[in-house]
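Novice: One structure, as structure tokens, below. Some questions next.
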Amino acid sequence: MRAGSRAEYVEPLIPQDAPGAGRVILRDGRTALLRSVDGMDDRLRAFVRRETGDVRLQRLFGVEDGADGSGARTLLGVFQGDRDEHGLIAVGGWFQSAPSKPSAEVGFLVRKDKRGLGLGTILLEQLALMALRRGLDFFTATVDPNNREMLQVFQDSGFEIKMEEKGAPLRLGFAIRPNRRSVEGAERRERIATVASLRPFFQPKSVAVIGASRNPDAIGRRIFEYLLMNRFEGPVYPVNPSARVVGSVPAYPSVSALPEKVDLAVIAVPRDAVIPTVEECGRAGVRAVVVITAGFAETGAEGRAMQAQLIETARGYGMRVVGPNCLGLLNADPKIRLNASFSPIFPPYGPVSMSSQSGALGIAILQYAAEMGLGMSNFVSVGNKADVSGNDLLEYWEEDPNTGLILLYLESFGNPRRFSRIARRVGRKKPVLVVKSGRTEVGHRAAGSHTAALAANETMVDALFEQAGVIRADTLEEMFDIAALLAYQPLPAGKRIAVVTNAGGPGILAADVLAGMGLSLPETSPELQKRLGEVLPATASRRNPIDMIASATADQYRRVLEEILASPEYDAVIVIFLPVGLTPTEEVAQNITDALGTMRDRGISKPVATVLMGQGVPAALRVGDMLIPNYRFPEGAARALARAYRYAVWRATPEGIIPDFDDLDVDRARALIKEQLAAGASWLDPGTMAELFTCFGLPWAGGRVAATPEEAAGLAREIGFPVVVKMVSRTLLHKSEWGGVVLGLTDGEAVRAACQGIRERLAQAGRENELDGFLVQPMIQGGVELMVGVTTDPQFGPLIAFGLGGIYVEVLRDVVFRVTPLTDRGAREMVRGIRGYRLLEGYRGHAAADIPAVEDLLLRLSRMVEELPEVVELDLNPVMALEPGRGCRIVDARVRVARASR
């Protein structure tokens with residue numbers, strides 16, 4: 001990192017919904033609604049006057065006139081289903097008396113019976129996020145020294161609180177820029193609340209099935225029966241207003257008529273009855289509801305409106321919702337045995353938890369997992385994800401001691417940036433394995449730049465998964481192949497794989513896949529070959545793959561496997577057996593498990609995958625409580641092992657930091673963009689781009705714009721020859737298509753001729769009126785041409801691209817992508833990730849490039865597009881990477897701005 005940088009920039013917290021709006025989860029797991037409120041609202045006046053006699057707070061919230069009665073004010077209210085003051089339970093706000101100053105006074109007030117639930121901290125965090133987005137960076141607060149609860153909120157915030165004035169009241173001040181302590185504290189509090197909110201789904205003490213029917217084919221009846229058949233450890237209440245008994249169990253006409261409050265209600269009633277049913281559950285104190293019923297957002301505008309009303313109702317009562325339009329959920333823990341779904345399959349208990357966005361696939365998934373012997377802890381069909389999402393479940397399973405591996409089937413993302421952040425943290429403890437459907441929906445944007453033309457939606461998904469350490473499987477079958485290995489086998493400590501087989505063909509197939517995915521098959525050492533020679537016949541191959549030939553016995557499999565596992569030469573083993581001789585497959589399987597048991601007793605633990613191709617072979621072999629996955633074909637075993645190794649490398653590599661820079665002028669950059677948008681600009685002119693790049697320390701090559709060929713010649717003499725002349729146009733995007741770049745001009749006449757030639761070519765095409773001028777730049781000598789670009793997705797945010805530049809970017813497509821914000825590790829991986837990286841190292845007499853300067857450019861660009869969401873598209877092409885110590889230069893650039901959508 002070059003001069004002008006400092007330790008670390010901490011990314012602000014990414015809330016569950018938009019800052020200042022949507023759902024918040026309290027410490028007890030109940031939900032509430034966060035909304036902006038009007039300072040002159042009668043309900044706010046009544047609330048503040050009732051809850052406090054503090055005139056200062058009344059003025060801060062705009063309830064009373066006074067010194068704080070004018071100026072910029074932002075107020076947030078937290079609401080629940082209580083009817084007092086329309087459910088208002090807390091209010092917070094900041095007041096900026098002098099709009100020219102980047103600071104504001106902050107305060108919050110929580111209803112007396114709702115204190116201790118984290119509301120003050122939530123309001124402070126949300127207000128700080130909103131203030132940062134409006135350019136504020138400092139809060140002050142006036143606190144009574146006896147108000148220990150308020151002081152504790154500020155202390156726990158993680159912000160560096162300073163005492164500005166002592167006495168009564170205390171005057172506090174603190175910068176609201178996030179730091180590692182403030183963000184980690186907020187994430188920890190959020191995780192605790194999320195886990196508490198989901199616990200009633202997975203560990204309910206009692207369950208009600210609303211819509212439990214006497215019709216044996218009805219979904220409600222099946223759910224009720226499966227709860228009983230799978231021996232749920234708690235009371236199950238059928239709710240049916242038209243029946244006194246369901247399945248020999250007394251039924252109840254409503255939730256409110258039940259003999260006790262239930263934690264979980266499963267709703268399987270007609271669509272129009274769902275919202276009144278949820279309302280009744282809220283009044284009855286239900287903590288969690290699973291809505292099986294379909295007909296909501298998946299059906300169109302009317303359904304979306306009903307779904308919004310459903311969630312608004314549930315949140316008003318502090319309830320969480322799974323669904324609607326879902327299969328339900330399961331918890332296979334023997335202490336609970338909950339099947340709150342209409343799946344007839346109840347999987348064996350094990351370390352895997354899974355969420356599926358597709359209910360239709362749910363039963364097939366559970367059936368396949370059971371056939372493979374893959375034990376599951378939890379399964380959730382999230383349906384429309386109206387409330388509980390994959391992000392929530394990741395946080396729950398992160399803390400769940402029964403979950404060792406997380407599987408997700410995704411069709412869409414709700415908040416991909418938040419998913420990335422959570423998955424990155426969870427993946428350090430437990431593997432996250434995903435199938436994301438929809439690969440064929442290309443979704444190219446209007447091709448305004450190279451980057452936008454190259455980046456499809458799947459490019460963003462792949463980049464996000466790569467950074468977050470998420471293991472992506474292409475199919476459900478591959479997902480379970482990988483899961484079978486990750487669930488029970490240790491991660492490979494290295495990439496050295498041994499293949500043991502009794503047939504050459506399958507061994508070669510495995511070797512091809514392993515090598516193609518970056519693993520190695522080193523040849524056995526002479527010492528190991530000698531030991532193997534004591535076991536195998538002379539005709540066997542003792543190299544790698546180790547081909548024991550068709551006559552291999554079960555005992556030979558055991559002894560060879562023991563030698564390979566004991567050897568420090570290999571990190572993992574694939575064992576292949578084809579029934580081509582007289583040895584029974586079952587006998588080979590038993591000897592393999594014996595060998596693994598022996599090695600385990602000796603403290604040797606390496607991942608092993610088997611490919612036993614014969615009749616009567618189980619889906620997995622068992623050694624004590626450990627399963628060894630068995631694959632149908634060698635390629636499946638090899639792919640699973642390669643994915644596990646790649647994940648192990650990611651997990652073992654330090655995460656990296658987002659560097660901070662102390663030479664940035666973010667305020668000036670924001671003002672520049674604001675001016676351009678006010679003037680109706682879309683693509684920035686070269687002068688504005690140059691000033692913008694200077695604000696972020698980006699190495700612009702320089703140059704000035706001329707209106708005429710004569711003026712261009714004069715500028716060239718001032719700059720010094722040789723120079724480059726380029727056409728300037730806000731509408732003609734690719735200069736090379738119009739002969740709009742002329743290099744190596746050594747005198748004024750050549751400059752005039754180049755400019756005139758550009759004008760004539762455009763005139764011939766009828767496009768001369770789109771010429772805005774001529775950019776004259778110094779000629780950059782030498783270096784490697786690179787391209788750096790950014791395109792912005794409303795959901796994913798900015799996607800940064802890096803590759804070889806000039807015309808090669810679209811011809812060779814040697815480009816690496818990452819979702820911002822970029823860490824120093826991410827920048828290193830991007831630069832080294834292109835196939836043309838050898839050019840940067842120096843190749844066949846060409847000088848090496850200043851690689852640290854290229855990484856610095858990537859990091860600064862990432863910071864720029866994070867700070868300026870109005871920058872929606874950007875191309876730096878070419879960027880000339882010069883020799884070590886000479887840095888790099890942005891030779892040509894295009895930047896498009898628009899009103900921020902994120």
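Letters A, B, ... mark the chains of the structure tokens in the order given; residue numbers begin at 1 per chain; ligand numbers begin at 1, in order shown.
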Pick out the residues sitting within 10 Å of Ile365 in chain A, and hand them over as a list in words; count only C-alpha atoms, and ignore anything fewer than 4 positions along from it in its own chain.

Specialist: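 The residues satisfying every condition are Ile345, Met354, Ser356, Gly359, Ala360, Leu361, Ala369, Ala370, Glu371, Phe379, Leu476, Glu477 and Phe480 of chain A.
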
Novice: What is the distance, in Å and to one decimal place, between CA of Leu129 in chain A and CA of Arg417 in chain A?

Specialist: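 Those two atoms sit 15.8 Å apart.
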
Novice: Would you please extract all strand (DSSP E) residues from range 468-706 of chain A, as assigned by DSSP on the backbone, and give them as JSON, numbers by chain?

Specialist: {"A": [471, 472, 473, 497, 498, 499, 500, 501, 546, 547, 572, 573, 574, 575, 576, 577, 608, 609, 610, 611, 612, 620, 621, 622, 623, 626, 627, 628, 629, 658, 659, 660, 661, 704, 705, 706]}

Novice: Compare A:Ala243, A:Phe817, A:Ser525, A:Arg838 by their minimum atom-to-atom distance to Asn457 in chain A, counting only C-alpha atoms, and give me the closest one.

Specialist: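 That would be A:Phe817, the residue with the smallest distance to Asn457 in chain A.
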
Novice: Just the residues within 8 Å of Pro200 in chain A, please, counting only C-alpha atoms, with nothing from its chain fewer than 2 positions along; format it as a list in words.

Specialist: Ala196, Ser197, Leu198, Phe202, Gln203, Pro204, Lys205, Asp263, Leu264, Arg287 and Ala288 of chain A

Novice: Write out as an mmCIF file with N, CA and C atoms, in the first residue's frame each polymer residue whose atoms come within 12 Å of Pro722 in chain A, counting only C-alpha atoms; drop sequence neighbours fewer than 3 positions from it.

Specialist:
```cif
data_model
loop_
_atom_site.group_PDB
_atom_site.id
_atom_site.type_symbol
_atom_site.label_atom_id
_atom_site.label_comp_id
_atom_site.auth_asym_id
_atom_site.auth_seq_id
_atom_site.Cartn_x
_atom_site.Cartn_y
_atom_site.Cartn_z
ATOM 1 N N ALA A 713 -3.508 21.846 -31.232
ATOM 2 C CA ALA A 713 -2.081 21.941 -31.542
ATOM 3 C C ALA A 713 -1.371 22.812 -30.512
ATOM 4 N N LEU A 715 -2.291 23.267 -27.346
ATOM 5 C CA LEU A 715 -2.203 22.509 -26.094
ATOM 6 C C LEU A 715 -1.078 21.483 -26.172
ATOM 7 N N ALA A 716 -0.911 20.860 -27.333
ATOM 8 C CA ALA A 716 0.129 19.840 -27.488
ATOM 9 C C ALA A 716 1.508 20.445 -27.262
ATOM 10 N N ARG A 717 1.717 21.659 -27.772
ATOM 11 C CA ARG A 717 3.014 22.298 -27.563
ATOM 12 C C ARG A 717 3.245 22.585 -26.080
ATOM 13 N N GLU A 718 2.191 22.959 -25.349
ATOM 14 C CA GLU A 718 2.322 23.218 -23.910
ATOM 15 C C GLU A 718 2.614 21.929 -23.138
ATOM 16 N N ILE A 719 1.955 20.847 -23.530
ATOM 17 C CA ILE A 719 2.126 19.567 -22.826
ATOM 18 C C ILE A 719 3.493 18.970 -23.132
ATOM 19 N N VAL A 725 -4.064 12.249 -29.312
ATOM 20 C CA VAL A 725 -5.307 13.001 -29.506
ATOM 21 C C VAL A 725 -6.475 12.021 -29.526
ATOM 22 N N VAL A 742 -5.582 8.799 -31.877
ATOM 23 C CA VAL A 742 -4.394 8.871 -32.734
ATOM 24 C C VAL A 742 -3.178 9.032 -31.832
ATOM 25 N N LEU A 743 -2.214 8.121 -31.967
ATOM 26 C CA LEU A 743 -1.075 8.040 -31.052
ATOM 27 C C LEU A 743 0.196 8.630 -31.672
ATOM 28 N N GLY A 744 1.140 8.952 -30.799
ATOM 29 C CA GLY A 744 2.505 9.256 -31.214
ATOM 30 C C GLY A 744 2.650 10.482 -32.083
ATOM 31 N N LEU A 745 1.893 11.528 -31.835
ATOM 32 C CA LEU A 745 1.966 12.750 -32.635
ATOM 33 C C LEU A 745 3.133 13.599 -32.144
ATOM 34 N N THR A 746 3.999 14.015 -33.078
ATOM 35 C CA THR A 746 5.263 14.641 -32.673
ATOM 36 C C THR A 746 5.376 16.119 -33.018
ATOM 37 N N ASP A 747 4.340 16.702 -33.682
ATOM 38 C CA ASP A 747 4.394 18.142 -33.939
ATOM 39 C C ASP A 747 2.978 18.679 -34.094
ATOM 40 N N GLY A 748 2.876 20.010 -34.122
ATOM 41 C CA GLY A 748 1.570 20.653 -34.170
ATOM 42 C C GLY A 748 0.780 20.326 -35.413
ATOM 43 N N ALA A 750 0.854 17.578 -37.162
ATOM 44 C CA ALA A 750 0.302 16.218 -37.025
ATOM 45 C C ALA A 750 -0.920 16.224 -36.114
ATOM 46 N N VAL A 751 -0.909 17.040 -35.084
ATOM 47 C CA VAL A 751 -2.055 17.144 -34.174
ATOM 48 C C VAL A 751 -3.253 17.714 -34.910
ATOM 49 N N VAL A 776 -6.210 16.192 -25.582
ATOM 50 C CA VAL A 776 -4.786 16.081 -25.886
ATOM 51 C C VAL A 776 -4.073 15.625 -24.610
ATOM 52 N N GLN A 777 -3.344 14.498 -24.707
ATOM 53 C CA GLN A 777 -2.673 13.913 -23.551
ATOM 54 C C GLN A 777 -1.213 13.624 -23.883
ATOM 55 N N PRO A 778 -0.362 13.596 -22.859
ATOM 56 C CA PRO A 778 1.013 13.133 -23.097
ATOM 57 C C PRO A 778 1.001 11.659 -23.475
ATOM 58 N N MET A 779 1.910 11.273 -24.337
ATOM 59 C CA MET A 779 2.015 9.875 -24.773
ATOM 60 C C MET A 779 2.716 9.070 -23.691
ATOM 61 N N ILE A 780 2.027 8.036 -23.176
ATOM 62 C CA ILE A 780 2.606 7.152 -22.167
ATOM 63 C C ILE A 780 3.400 6.062 -22.878
ATOM 64 N N GLN A 781 4.685 5.981 -22.592
ATOM 65 C CA GLN A 781 5.573 5.044 -23.271
ATOM 66 C C GLN A 781 5.704 3.757 -22.449
#
```

Novice: Residues within 7 Å of range 667-671 of chain A, please, as a list in words. Count only C-alpha atoms; anything in the same chain fewer than 4 positions from it doesn't count.

Specialist: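 Listing them by chain and then by number gives Glu675, Leu692, Cys695 and Leu868 of chain A.
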
Novice: Can you tell me which residues surround Val236 in chain A at a distance of at most 10 Å, considering only C-alpha atoms, apart from same-chain residues fewer than 2 positions away, and format the answer as a count of residues only?

Specialist: 18

Novice: Smallest atom-to-atom distance to Met319 in chain A: which of A:Ala128, A:Leu26, A:Ala305, A:Ile219, using only C-alpha atoms?

Specialist: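 Residue with the minimum atom-to-atom distance to Met319 in chain A: A:Leu26.
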
Novice: Would you kindly return, as a ChimeraX atom specification, each protein, DNA or RNA residue with an atom no farther than 8 Å from any atom of range 821-833 of chain A, considering only C-alpha atoms and excluding same-chain residues fewer than 4 positions away?

Specialist: /A:11,467,655-659,802-803,816-817,837,851,854-855,858-859,862-863,866

Novice: What is the distance, in Å and to one decimal place, between CA of Trp397 in chain A and CA of Tyr349 in chain A?

Specialist: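 Between CA of Trp397 in chain A and CA of Tyr349 in chain A the gap is 15.3 Å.
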
Novice: Run DSSP on the backbone and tell me which residues of range 50-195 of chain A come out as alpha helix (DSSP H); list them as a VMD selection string.

Specialist: chain A and resid 50 to 51 55 to 60 119 to 133 148 to 156 180 to 195

Novice: Print the selection's residues with N, CA and C atoms to a file, as a tab-separated table (two decimals), in the first residue's frame.

Specialist:
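Final output, part-v8.tsv:
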```
chain	number	residue	atom	x	y	z
A	50	ARG	N	-45.99	11.78	27.82
A	50	ARG	CA	-46.35	10.77	28.83
A	50	ARG	C	-45.12	10.08	29.39
A	51	GLU	N	-44.10	9.81	28.52
A	51	GLU	CA	-42.95	9.01	28.93
A	51	GLU	C	-41.84	9.82	29.59
A	55	VAL	N	-37.79	18.46	29.24
A	55	VAL	CA	-38.09	19.47	28.22
A	55	VAL	C	-37.10	19.40	27.07
A	56	ARG	N	-35.84	19.06	27.41
A	56	ARG	CA	-34.83	18.98	26.36
A	56	ARG	C	-35.22	17.95	25.30
A	57	LEU	N	-35.65	16.73	25.76
A	57	LEU	CA	-36.05	15.71	24.81
A	57	LEU	C	-37.30	16.13	24.04
A	58	GLN	N	-38.21	16.81	24.72
A	58	GLN	CA	-39.42	17.27	24.05
A	58	GLN	C	-39.06	18.25	22.92
A	59	ARG	N	-38.08	19.09	23.16
A	59	ARG	CA	-37.65	20.03	22.12
A	59	ARG	C	-36.90	19.30	21.00
A	60	LEU	N	-36.06	18.33	21.38
A	60	LEU	CA	-35.30	17.57	20.39
A	60	LEU	C	-36.23	16.89	19.39
A	119	LEU	N	-33.90	-1.55	22.23
A	119	LEU	CA	-34.50	-0.56	21.35
A	119	LEU	C	-33.63	0.69	21.22
A	120	GLY	N	-33.06	1.15	22.35
A	120	GLY	CA	-32.21	2.33	22.29
A	120	GLY	C	-31.02	2.12	21.38
A	121	THR	N	-30.39	0.95	21.48
A	121	THR	CA	-29.23	0.64	20.64
A	121	THR	C	-29.62	0.55	19.17
A	122	ILE	N	-30.76	-0.07	18.89
A	122	ILE	CA	-31.24	-0.17	17.51
A	122	ILE	C	-31.45	1.21	16.92
A	123	LEU	N	-32.10	2.10	17.68
A	123	LEU	CA	-32.35	3.44	17.17
A	123	LEU	C	-31.05	4.20	16.94
A	124	LEU	N	-30.10	4.06	17.86
A	124	LEU	CA	-28.83	4.75	17.69
A	124	LEU	C	-28.11	4.26	16.43
A	125	GLU	N	-28.08	2.95	16.22
A	125	GLU	CA	-27.42	2.40	15.03
A	125	GLU	C	-28.09	2.87	13.74
A	126	GLN	N	-29.42	2.84	13.72
A	126	GLN	CA	-30.14	3.25	12.52
A	126	GLN	C	-29.97	4.74	12.24
A	127	LEU	N	-30.03	5.55	13.29
A	127	LEU	CA	-29.86	6.99	13.11
A	127	LEU	C	-28.45	7.32	12.62
A	128	ALA	N	-27.45	6.61	13.13
A	128	ALA	CA	-26.08	6.83	12.68
A	128	ALA	C	-25.93	6.48	11.20
A	129	LEU	N	-26.54	5.36	10.76
A	129	LEU	CA	-26.48	4.99	9.34
A	129	LEU	C	-27.10	6.07	8.47
A	130	MET	N	-28.26	6.56	8.87
A	130	MET	CA	-28.95	7.58	8.09
A	130	MET	C	-28.15	8.88	8.07
A	131	ALA	N	-27.57	9.23	9.21
A	131	ALA	CA	-26.78	10.46	9.28
A	131	ALA	C	-25.54	10.38	8.38
A	132	LEU	N	-24.87	9.22	8.37
A	132	LEU	CA	-23.70	9.05	7.51
A	132	LEU	C	-24.06	9.26	6.05
A	133	ARG	N	-25.21	8.74	5.64
A	133	ARG	CA	-25.62	8.87	4.25
A	133	ARG	C	-25.95	10.32	3.88
A	148	ARG	N	-28.68	5.65	33.88
A	148	ARG	CA	-27.69	4.62	33.60
A	148	ARG	C	-28.02	3.83	32.34
A	149	GLU	N	-29.31	3.65	32.08
A	149	GLU	CA	-29.68	2.89	30.88
A	149	GLU	C	-29.22	3.61	29.62
A	150	MET	N	-29.42	4.93	29.56
A	150	MET	CA	-28.99	5.70	28.40
A	150	MET	C	-27.47	5.70	28.27
A	151	LEU	N	-26.78	5.89	29.38
A	151	LEU	CA	-25.32	5.87	29.34
A	151	LEU	C	-24.80	4.52	28.87
A	152	GLN	N	-25.47	3.42	29.28
A	152	GLN	CA	-25.04	2.08	28.88
A	152	GLN	C	-25.20	1.87	27.38
A	153	VAL	N	-26.29	2.45	26.81
A	153	VAL	CA	-26.49	2.34	25.37
A	153	VAL	C	-25.32	2.96	24.62
A	154	PHE	N	-24.91	4.16	25.03
A	154	PHE	CA	-23.79	4.82	24.36
A	154	PHE	C	-22.50	4.02	24.57
A	155	GLN	N	-22.33	3.49	25.78
A	155	GLN	CA	-21.12	2.72	26.06
A	155	GLN	C	-21.05	1.46	25.21
A	156	ASP	N	-22.18	0.78	25.03
A	156	ASP	CA	-22.21	-0.47	24.29
A	156	ASP	C	-22.18	-0.28	22.77
A	180	ARG	N	-14.34	-1.29	13.90
A	180	ARG	CA	-14.52	-2.74	14.01
A	180	ARG	C	-15.33	-3.10	15.26
A	181	ARG	N	-15.10	-2.41	16.37
A	181	ARG	CA	-15.82	-2.73	17.61
A	181	ARG	C	-17.31	-2.41	17.47
A	182	SER	N	-17.64	-1.26	16.85
A	182	SER	CA	-19.05	-0.90	16.73
A	182	SER	C	-19.79	-1.86	15.80
A	183	VAL	N	-19.16	-2.24	14.69
A	183	VAL	CA	-19.83	-3.12	13.73
A	183	VAL	C	-19.94	-4.54	14.27
A	184	GLU	N	-18.87	-5.05	14.87
A	184	GLU	CA	-18.94	-6.40	15.43
A	184	GLU	C	-19.94	-6.47	16.56
A	185	GLY	N	-20.03	-5.42	17.37
A	185	GLY	CA	-21.03	-5.40	18.44
A	185	GLY	C	-22.44	-5.40	17.89
A	186	ALA	N	-22.67	-4.60	16.85
A	186	ALA	CA	-24.00	-4.56	16.24
A	186	ALA	C	-24.36	-5.90	15.62
A	187	GLU	N	-23.41	-6.53	14.94
A	187	GLU	CA	-23.69	-7.84	14.34
A	187	GLU	C	-23.96	-8.89	15.41
A	188	ARG	N	-23.23	-8.83	16.52
A	188	ARG	CA	-23.45	-9.79	17.61
A	188	ARG	C	-24.85	-9.61	18.21
A	189	ARG	N	-25.25	-8.37	18.45
A	189	ARG	CA	-26.59	-8.12	19.01
A	189	ARG	C	-27.68	-8.57	18.04
A	190	GLU	N	-27.46	-8.30	16.76
A	190	GLU	CA	-28.42	-8.71	15.74
A	190	GLU	C	-28.54	-10.22	15.67
A	191	ARG	N	-27.41	-10.91	15.78
A	191	ARG	CA	-27.41	-12.37	15.71
A	191	ARG	C	-28.15	-12.97	16.91
A	192	ILE	N	-27.91	-12.42	18.08
A	192	ILE	CA	-28.60	-12.91	19.29
A	192	ILE	C	-30.10	-12.75	19.12
A	193	ALA	N	-30.54	-11.59	18.60
A	193	ALA	CA	-31.96	-11.33	18.43
A	193	ALA	C	-32.57	-12.26	17.38
A	194	THR	N	-31.85	-12.47	16.27
A	194	THR	CA	-32.36	-13.33	15.21
A	194	THR	C	-32.51	-14.76	15.70
A	195	VAL	N	-31.53	-15.27	16.42
A	195	VAL	CA	-31.61	-16.63	16.96
A	195	VAL	C	-32.80	-16.75	17.89
```

Novice: Figure out the distance between CA of Tyr631 in chain A and CA of Ser353 in chain A, please, to one decimal in Å.

Specialist: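 Pair CA of Ser353 in chain A / CA of Tyr631 in chain A returns 21.4 Å.
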
Novice: Identify which of the residues A:Pro537, A:Gly92, A:Gly518, A:Gly116 lies closest to Tyr645 in chain A, counting only C-alpha atoms when measuring atom-to-atom distances.

Specialist: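 Checking each of A:Pro537, A:Gly92, A:Gly518, A:Gly116 against Tyr645 in chain A, counting only C-alpha atoms, the winner is A:Gly518.
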